[in-house]
Amino acid sequence: MGSPLLKLEDLHVQVDGREIVKGVNLSVRTGEVHVLLGPNGSGKSTLLKAMVSMPGYRVTRGSIIFDGRDIRDLKPYEKARMGIALMHQHFRPLSVKFSSLATELCRTFGSSLDLISDLRVDGLMERELFRGFSGGEAKRAELALILLQRPRLALLDEPDSGVDLESLKTVGRSINTLIDMGASILLVTHTGLIAEHLKRVDTAHVMVDGRIVESGDLTYILNIVRKKGYEVFRGSRA
């Protein structure tokens, strides 16, 4: 089977001096799709941000192994160059045209704008990125930037939040494009709505109170969540 592309070992993360992630262990192999579910405030987004070294998210213990190398202390741009891309849940407007950044990503990563034609972002290209974008427009634009990076590992933070049904289908198709490209994916979701639009999910995990407490089949886990909520997982340990 070979070594995992990504391996988190006893990862602890603090934000403003408070421990949010409390010893996460997780392995993702090349081309695998993993879904991370959990209630709001469980540490899911914090985990992804710490993995890419976002300021304010401090890893205090443990390792982030990517392609056999501990990258815990690398800078965000160094991780991006290695093929790790983060899709944010919330977006800040940028004083740069969407088209300018998209063109630069095409040049840097050898991509083509044809790759994002299904995302319906043509009408956004001459606008400043995320400025005045609706929820669905912002999600599609961010996912377009991820696709143009052709990542080896895509970290997707709640791509199904705040979007209408049509945008959700579009987002799902574009994530399937990432799957077809061979990217490994770790996708965070609270509701699990995106799951029915994905062609494949290899493993699902439940995160509660900063720990992964359950791992297994997505359908099985979603059935439990929808019938009993996340409270049923409190006190469990995977």
# chains A, B, ... in the order shown; residues from 1 in each chain; ligands from 1
>>> residues_around(residues="region 87-104 of chain A", least_positions_apart="6", cutoff="6 Å", atoms="only C-alpha atoms", output="list in words")
Met125, Glu126, Arg127, Glu128, Leu129, Phe130, Arg131, Leu156, Asp157 and Glu158 of chain A
>>> select_by_dssp(residues="region 92-187 of chain A", states="strand (DSSP E or B)", output="VMD selection string")
chain A and resid 97 128 153 to 157 184 to 187
>>> closest_residue(among="A:Asp70, A:Glu142, A:Glu231, A:Glu32", to="Ala85 (chain A)", atoms="only C-alpha atoms")
A:Glu142
>>> atom_distance(atom1="CA of Arg107 (chain A)", atom2="CA of Thr30 (chain A)")
24.9 Å
>>> residues_around(residues="Pro159 (chain A)", least_positions_apart="2", cutoff="9 Å", atoms="only C-alpha atoms", output="number ranges by chain")
A: 87-89, 139-140, 143, 156-157, 161-163, 168, 171-172, 187-189, 194
>>> write_last_selection(atoms="N, CA and C atoms", output="mmCIF file, in the first residue's frame")
data_model
loop_
_atom_site.group_PDB
_atom_site.id
_atom_site.type_symbol
_atom_site.label_atom_id
_atom_site.label_comp_id
_atom_site.auth_asym_id
_atom_site.auth_seq_id
_atom_site.Cartn_x
_atom_site.Cartn_y
_atom_site.Cartn_z
ATOM 1 N N MET A 87 -8.864 25.583 0.908
ATOM 2 C CA MET A 87 -10.075 26.343 0.570
ATOM 3 C C MET A 87 -10.694 26.815 1.877
ATOM 4 N N HIS A 88 -10.768 28.128 2.066
ATOM 5 C CA HIS A 88 -11.248 28.697 3.317
ATOM 6 C C HIS A 88 -12.767 28.620 3.419
ATOM 7 N N GLN A 89 -13.253 28.665 4.645
ATOM 8 C CA GLN A 89 -14.700 28.721 4.874
ATOM 9 C C GLN A 89 -15.221 30.148 4.725
ATOM 10 N N LYS A 139 -17.729 30.671 -2.924
ATOM 11 C CA LYS A 139 -17.335 29.259 -2.883
ATOM 12 C C LYS A 139 -16.811 28.812 -4.242
ATOM 13 N N ARG A 140 -17.506 29.204 -5.313
ATOM 14 C CA ARG A 140 -17.086 28.792 -6.644
ATOM 15 C C ARG A 140 -15.749 29.422 -7.014
ATOM 16 N N LEU A 143 -12.947 27.679 -5.032
ATOM 17 C CA LEU A 143 -12.684 26.354 -5.574
ATOM 18 C C LEU A 143 -11.970 26.447 -6.919
ATOM 19 N N LEU A 156 -10.376 21.251 2.133
ATOM 20 C CA LEU A 156 -11.580 21.987 1.773
ATOM 21 C C LEU A 156 -12.433 22.226 3.012
ATOM 22 N N ASP A 157 -12.549 23.488 3.406
ATOM 23 C CA ASP A 157 -13.232 23.835 4.648
ATOM 24 C C ASP A 157 -14.676 24.238 4.360
ATOM 25 N N SER A 161 -21.297 25.024 2.873
ATOM 26 C CA SER A 161 -21.991 25.954 3.765
ATOM 27 C C SER A 161 -22.363 27.231 3.016
ATOM 28 N N GLY A 162 -23.586 27.710 3.239
ATOM 29 C CA GLY A 162 -24.012 28.982 2.696
ATOM 30 C C GLY A 162 -24.211 29.030 1.198
ATOM 31 N N VAL A 163 -24.463 27.879 0.566
ATOM 32 C CA VAL A 163 -24.676 27.861 -0.883
ATOM 33 C C VAL A 163 -26.042 27.257 -1.197
ATOM 34 N N LEU A 168 -24.348 24.070 -4.940
ATOM 35 C CA LEU A 168 -23.851 22.861 -4.284
ATOM 36 C C LEU A 168 -23.528 21.783 -5.305
ATOM 37 N N VAL A 171 -20.310 22.849 -7.063
ATOM 38 C CA VAL A 171 -19.162 22.604 -6.178
ATOM 39 C C VAL A 171 -18.818 21.116 -6.158
ATOM 40 N N GLY A 172 -19.843 20.278 -6.064
ATOM 41 C CA GLY A 172 -19.607 18.839 -6.053
ATOM 42 C C GLY A 172 -18.930 18.362 -7.318
ATOM 43 N N LEU A 187 -11.887 16.949 3.490
ATOM 44 C CA LEU A 187 -13.010 17.884 3.352
ATOM 45 C C LEU A 187 -13.756 17.986 4.675
ATOM 46 N N VAL A 188 -13.847 19.195 5.184
ATOM 47 C CA VAL A 188 -14.563 19.464 6.423
ATOM 48 C C VAL A 188 -16.007 19.845 6.103
ATOM 49 N N THR A 189 -16.953 19.268 6.840
ATOM 50 C CA THR A 189 -18.358 19.611 6.672
ATOM 51 C C THR A 189 -19.083 19.455 8.003
ATOM 52 N N ILE A 194 -22.669 17.933 1.101
ATOM 53 C CA ILE A 194 -21.863 17.793 -0.111
ATOM 54 C C ILE A 194 -21.647 16.326 -0.485
#
>>> residues_around(residues="Gly210 (chain A)", least_positions_apart="6", cutoff="8 Å", atoms="only C-alpha atoms", output="JSON, numbers by chain")
{"A": [20, 21, 22, 23, 24, 42, 43, 44]}
>>> write_last_selection(atoms="N, CA and C atoms", output="PDB file, in the first residue's frame")
ATOM      1  N   ILE A  20      -7.264  23.923  21.143  1.00  0.00           N
ATOM      2  CA  ILE A  20      -8.470  23.623  20.375  1.00  0.00           C
ATOM      3  C   ILE A  20      -8.412  22.207  19.804  1.00  0.00           C
ATOM      4  N   VAL A  21      -7.268  21.858  19.242  1.00  0.00           N
ATOM      5  CA  VAL A  21      -7.055  20.503  18.712  1.00  0.00           C
ATOM      6  C   VAL A  21      -6.223  19.745  19.737  1.00  0.00           C
ATOM      7  N   LYS A  22      -6.717  18.546  20.139  1.00  0.00           N
ATOM      8  CA  LYS A  22      -6.175  17.905  21.334  1.00  0.00           C
ATOM      9  C   LYS A  22      -5.677  16.489  21.076  1.00  0.00           C
ATOM     10  N   GLY A  23      -4.789  16.362  20.101  1.00  0.00           N
ATOM     11  CA  GLY A  23      -4.180  15.061  19.866  1.00  0.00           C
ATOM     12  C   GLY A  23      -4.821  14.303  18.723  1.00  0.00           C
ATOM     13  N   VAL A  24      -4.772  14.881  17.519  1.00  0.00           N
ATOM     14  CA  VAL A  24      -5.391  14.259  16.347  1.00  0.00           C
ATOM     15  C   VAL A  24      -4.392  13.346  15.642  1.00  0.00           C
ATOM     16  N   SER A  42     -15.800  22.345  17.073  1.00  0.00           N
ATOM     17  CA  SER A  42     -15.116  21.105  17.468  1.00  0.00           C
ATOM     18  C   SER A  42     -13.636  21.095  17.107  1.00  0.00           C
ATOM     19  N   GLY A  43     -13.177  22.083  16.311  1.00  0.00           N
ATOM     20  CA  GLY A  43     -11.759  22.156  15.961  1.00  0.00           C
ATOM     21  C   GLY A  43     -11.453  21.784  14.526  1.00  0.00           C
ATOM     22  N   LYS A  44     -12.463  21.553  13.702  1.00  0.00           N
ATOM     23  CA  LYS A  44     -12.240  21.098  12.325  1.00  0.00           C
ATOM     24  C   LYS A  44     -11.493  22.145  11.501  1.00  0.00           C
TER      25      LYS A  44
END
>>> atom_distance(atom1="CA of Met51 (chain A)", atom2="CA of Ile224 (chain A)")
28.4 Å
>>> residues_around(residues="region 216-222 of chain A", least_positions_apart="6", cutoff="8 Å", atoms="only C-alpha atoms", output="ChimeraX atom specification")
/A:35,192,201-205
>>> residues_around(residues="Pro151 (chain A)", least_positions_apart="4", cutoff="9 Å", atoms="only C-alpha atoms", output="list in words")
Ala80, Met82, Gly83, Ile84, Ala85, Ile146, Leu147, Leu178, Met181, Gly182, Ala183 and Ser184 of chain A
>>> closest_atom_pairs(of="region 44-128 of chain A", to="region 12-19 of chain A", cutoff="6 Å", atoms="only C-alpha atoms", output="tab-separated table")
residue	atom	partner	partner_atom	distance
A:Tyr57	CA	A:Val15	CA	5.3
A:Arg58	CA	A:Gln14	CA	5.2
A:Val59	CA	A:Val13	CA	4.4
A:Thr60	CA	A:His12	CA	5.6
A:Arg61	CA	A:His12	CA	5.1
>>> write_last_selection(atoms="C-alpha atoms", output="JSON list (two decimals), in the first residue's frame")
[["chain", "number", "residue", "atom", "x", "y", "z"],
["A", 57, "TYR", "CA", -2.77, 28.74, 14.83],
["A", 58, "ARG", "CA", 0.11, 27.31, 16.85],
["A", 59, "VAL", "CA", 1.06, 23.64, 16.76],
["A", 60, "THR", "CA", 2.29, 22.86, 20.26],
["A", 61, "ARG", "CA", 2.84, 19.13, 19.94]]
>>> select_by_dssp(residues="region 7-170 of chain A", states="alpha helix (DSSP H)", output="number ranges by chain")
A: 44-51, 76-81, 98-109, 135-148, 165-170
>>> write_last_selection(atoms="N, CA and C atoms", output="compact mmCIF listing (two decimals), in the first residue's frame")
# COMPACT_ATOMS: atom_id res chain seq x y z
N LYS A 44 -12.46 21.55 13.70
CA LYS A 44 -12.24 21.10 12.33
C LYS A 44 -11.49 22.15 11.50
N SER A 45 -12.00 23.37 11.50
CA SER A 45 -11.35 24.43 10.72
C SER A 45 -9.98 24.77 11.29
N THR A 46 -9.88 24.77 12.61
CA THR A 46 -8.59 25.03 13.25
C THR A 46 -7.54 24.01 12.80
N LEU A 47 -7.94 22.77 12.68
CA LEU A 47 -7.02 21.72 12.23
C LEU A 47 -6.48 22.04 10.84
N LEU A 48 -7.36 22.39 9.91
CA LEU A 48 -6.91 22.68 8.54
C LEU A 48 -6.00 23.90 8.51
N LYS A 49 -6.35 24.94 9.24
CA LYS A 49 -5.55 26.16 9.23
C LYS A 49 -4.17 25.92 9.83
N ALA A 50 -4.11 25.12 10.87
CA ALA A 50 -2.82 24.80 11.47
C ALA A 50 -1.95 23.99 10.51
N MET A 51 -2.59 23.14 9.71
CA MET A 51 -1.83 22.32 8.77
C MET A 51 -1.10 23.14 7.72
N PRO A 76 3.67 28.97 5.13
CA PRO A 76 2.54 28.67 4.25
C PRO A 76 2.93 28.57 2.78
N TYR A 77 3.77 29.48 2.28
CA TYR A 77 4.14 29.45 0.87
C TYR A 77 4.98 28.21 0.54
N GLU A 78 5.75 27.73 1.52
CA GLU A 78 6.54 26.52 1.29
C GLU A 78 5.63 25.30 1.16
N LYS A 79 4.59 25.27 1.97
CA LYS A 79 3.63 24.17 1.89
C LYS A 79 2.84 24.24 0.58
N ALA A 80 2.52 25.45 0.15
CA ALA A 80 1.82 25.60 -1.13
C ALA A 80 2.67 25.09 -2.28
N ARG A 81 3.95 25.37 -2.24
CA ARG A 81 4.85 24.91 -3.30
C ARG A 81 4.96 23.39 -3.32
N PHE A 98 -9.83 39.06 -9.89
CA PHE A 98 -9.90 37.61 -9.98
C PHE A 98 -9.11 37.12 -11.19
N SER A 99 -9.27 37.80 -12.34
CA SER A 99 -8.60 37.36 -13.57
C SER A 99 -7.08 37.43 -13.43
N SER A 100 -6.57 38.42 -12.71
CA SER A 100 -5.12 38.56 -12.55
C SER A 100 -4.54 37.40 -11.75
N LEU A 101 -5.21 37.06 -10.65
CA LEU A 101 -4.72 35.95 -9.83
C LEU A 101 -4.87 34.62 -10.57
N ALA A 102 -6.00 34.44 -11.27
CA ALA A 102 -6.21 33.19 -12.01
C ALA A 102 -5.14 33.02 -13.08
N THR A 103 -4.79 34.10 -13.79
CA THR A 103 -3.76 34.04 -14.83
C THR A 103 -2.41 33.68 -14.23
N GLU A 104 -2.10 34.26 -13.06
CA GLU A 104 -0.82 33.96 -12.41
C GLU A 104 -0.75 32.51 -11.96
N LEU A 105 -1.87 31.98 -11.46
CA LEU A 105 -1.89 30.57 -11.04
C LEU A 105 -1.71 29.65 -12.25
N CYS A 106 -2.32 30.01 -13.37
CA CYS A 106 -2.14 29.22 -14.59
C CYS A 106 -0.67 29.19 -14.99
N ARG A 107 -0.01 30.33 -14.91
CA ARG A 107 1.40 30.42 -15.27
C ARG A 107 2.27 29.60 -14.30
N THR A 108 1.98 29.71 -13.02
CA THR A 108 2.81 29.05 -12.00
C THR A 108 2.64 27.55 -12.00
N PHE A 109 1.40 27.08 -12.18
CA PHE A 109 1.12 25.65 -12.02
C PHE A 109 0.83 24.94 -13.34
N GLY A 135 -22.54 34.17 -1.29
CA GLY A 135 -21.94 32.96 -0.72
C GLY A 135 -21.57 31.94 -1.78
N GLY A 136 -22.48 31.71 -2.72
CA GLY A 136 -22.21 30.75 -3.78
C GLY A 136 -21.10 31.20 -4.69
N GLU A 137 -21.06 32.51 -5.03
CA GLU A 137 -20.00 33.04 -5.88
C GLU A 137 -18.64 32.88 -5.21
N ALA A 138 -18.59 33.17 -3.92
CA ALA A 138 -17.31 33.05 -3.19
C ALA A 138 -16.82 31.62 -3.15
N LYS A 139 -17.73 30.67 -2.92
CA LYS A 139 -17.33 29.26 -2.88
C LYS A 139 -16.81 28.81 -4.24
N ARG A 140 -17.51 29.20 -5.31
CA ARG A 140 -17.09 28.79 -6.64
C ARG A 140 -15.75 29.42 -7.01
N ALA A 141 -15.57 30.69 -6.63
CA ALA A 141 -14.31 31.37 -6.94
C ALA A 141 -13.14 30.73 -6.19
N GLU A 142 -13.34 30.45 -4.93
CA GLU A 142 -12.28 29.83 -4.13
C GLU A 142 -11.92 28.45 -4.66
N LEU A 143 -12.95 27.68 -5.03
CA LEU A 143 -12.68 26.35 -5.57
C LEU A 143 -11.97 26.45 -6.92
N ALA A 144 -12.29 27.48 -7.69
CA ALA A 144 -11.57 27.69 -8.96
C ALA A 144 -10.08 27.89 -8.70
N LEU A 145 -9.75 28.68 -7.69
CA LEU A 145 -8.34 28.91 -7.37
C LEU A 145 -7.65 27.62 -6.93
N ILE A 146 -8.38 26.79 -6.20
CA ILE A 146 -7.83 25.49 -5.78
C ILE A 146 -7.54 24.63 -7.01
N LEU A 147 -8.49 24.54 -7.93
CA LEU A 147 -8.31 23.72 -9.12
C LEU A 147 -7.12 24.18 -9.94
N LEU A 148 -6.95 25.49 -10.07
CA LEU A 148 -5.85 26.02 -10.88
C LEU A 148 -4.49 25.73 -10.26
N LEU A 165 -28.80 25.12 -3.72
CA LEU A 165 -28.73 23.75 -4.25
C LEU A 165 -27.96 23.69 -5.57
N GLU A 166 -28.18 24.67 -6.45
CA GLU A 166 -27.50 24.64 -7.75
C GLU A 166 -26.00 24.82 -7.59
N SER A 167 -25.61 25.76 -6.70
CA SER A 167 -24.18 25.96 -6.44
C SER A 167 -23.57 24.73 -5.79
N LEU A 168 -24.35 24.07 -4.94
CA LEU A 168 -23.85 22.86 -4.28
C LEU A 168 -23.53 21.78 -5.30
N LYS A 169 -24.39 21.63 -6.31
CA LYS A 169 -24.13 20.65 -7.36
C LYS A 169 -22.87 21.02 -8.14
N THR A 170 -22.70 22.31 -8.42
CA THR A 170 -21.52 22.77 -9.15
C THR A 170 -20.26 22.54 -8.35
>>> atom_distance(atom1="CA of Asp180 (chain A)", atom2="CA of Asp118 (chain A)")
14.6 Å
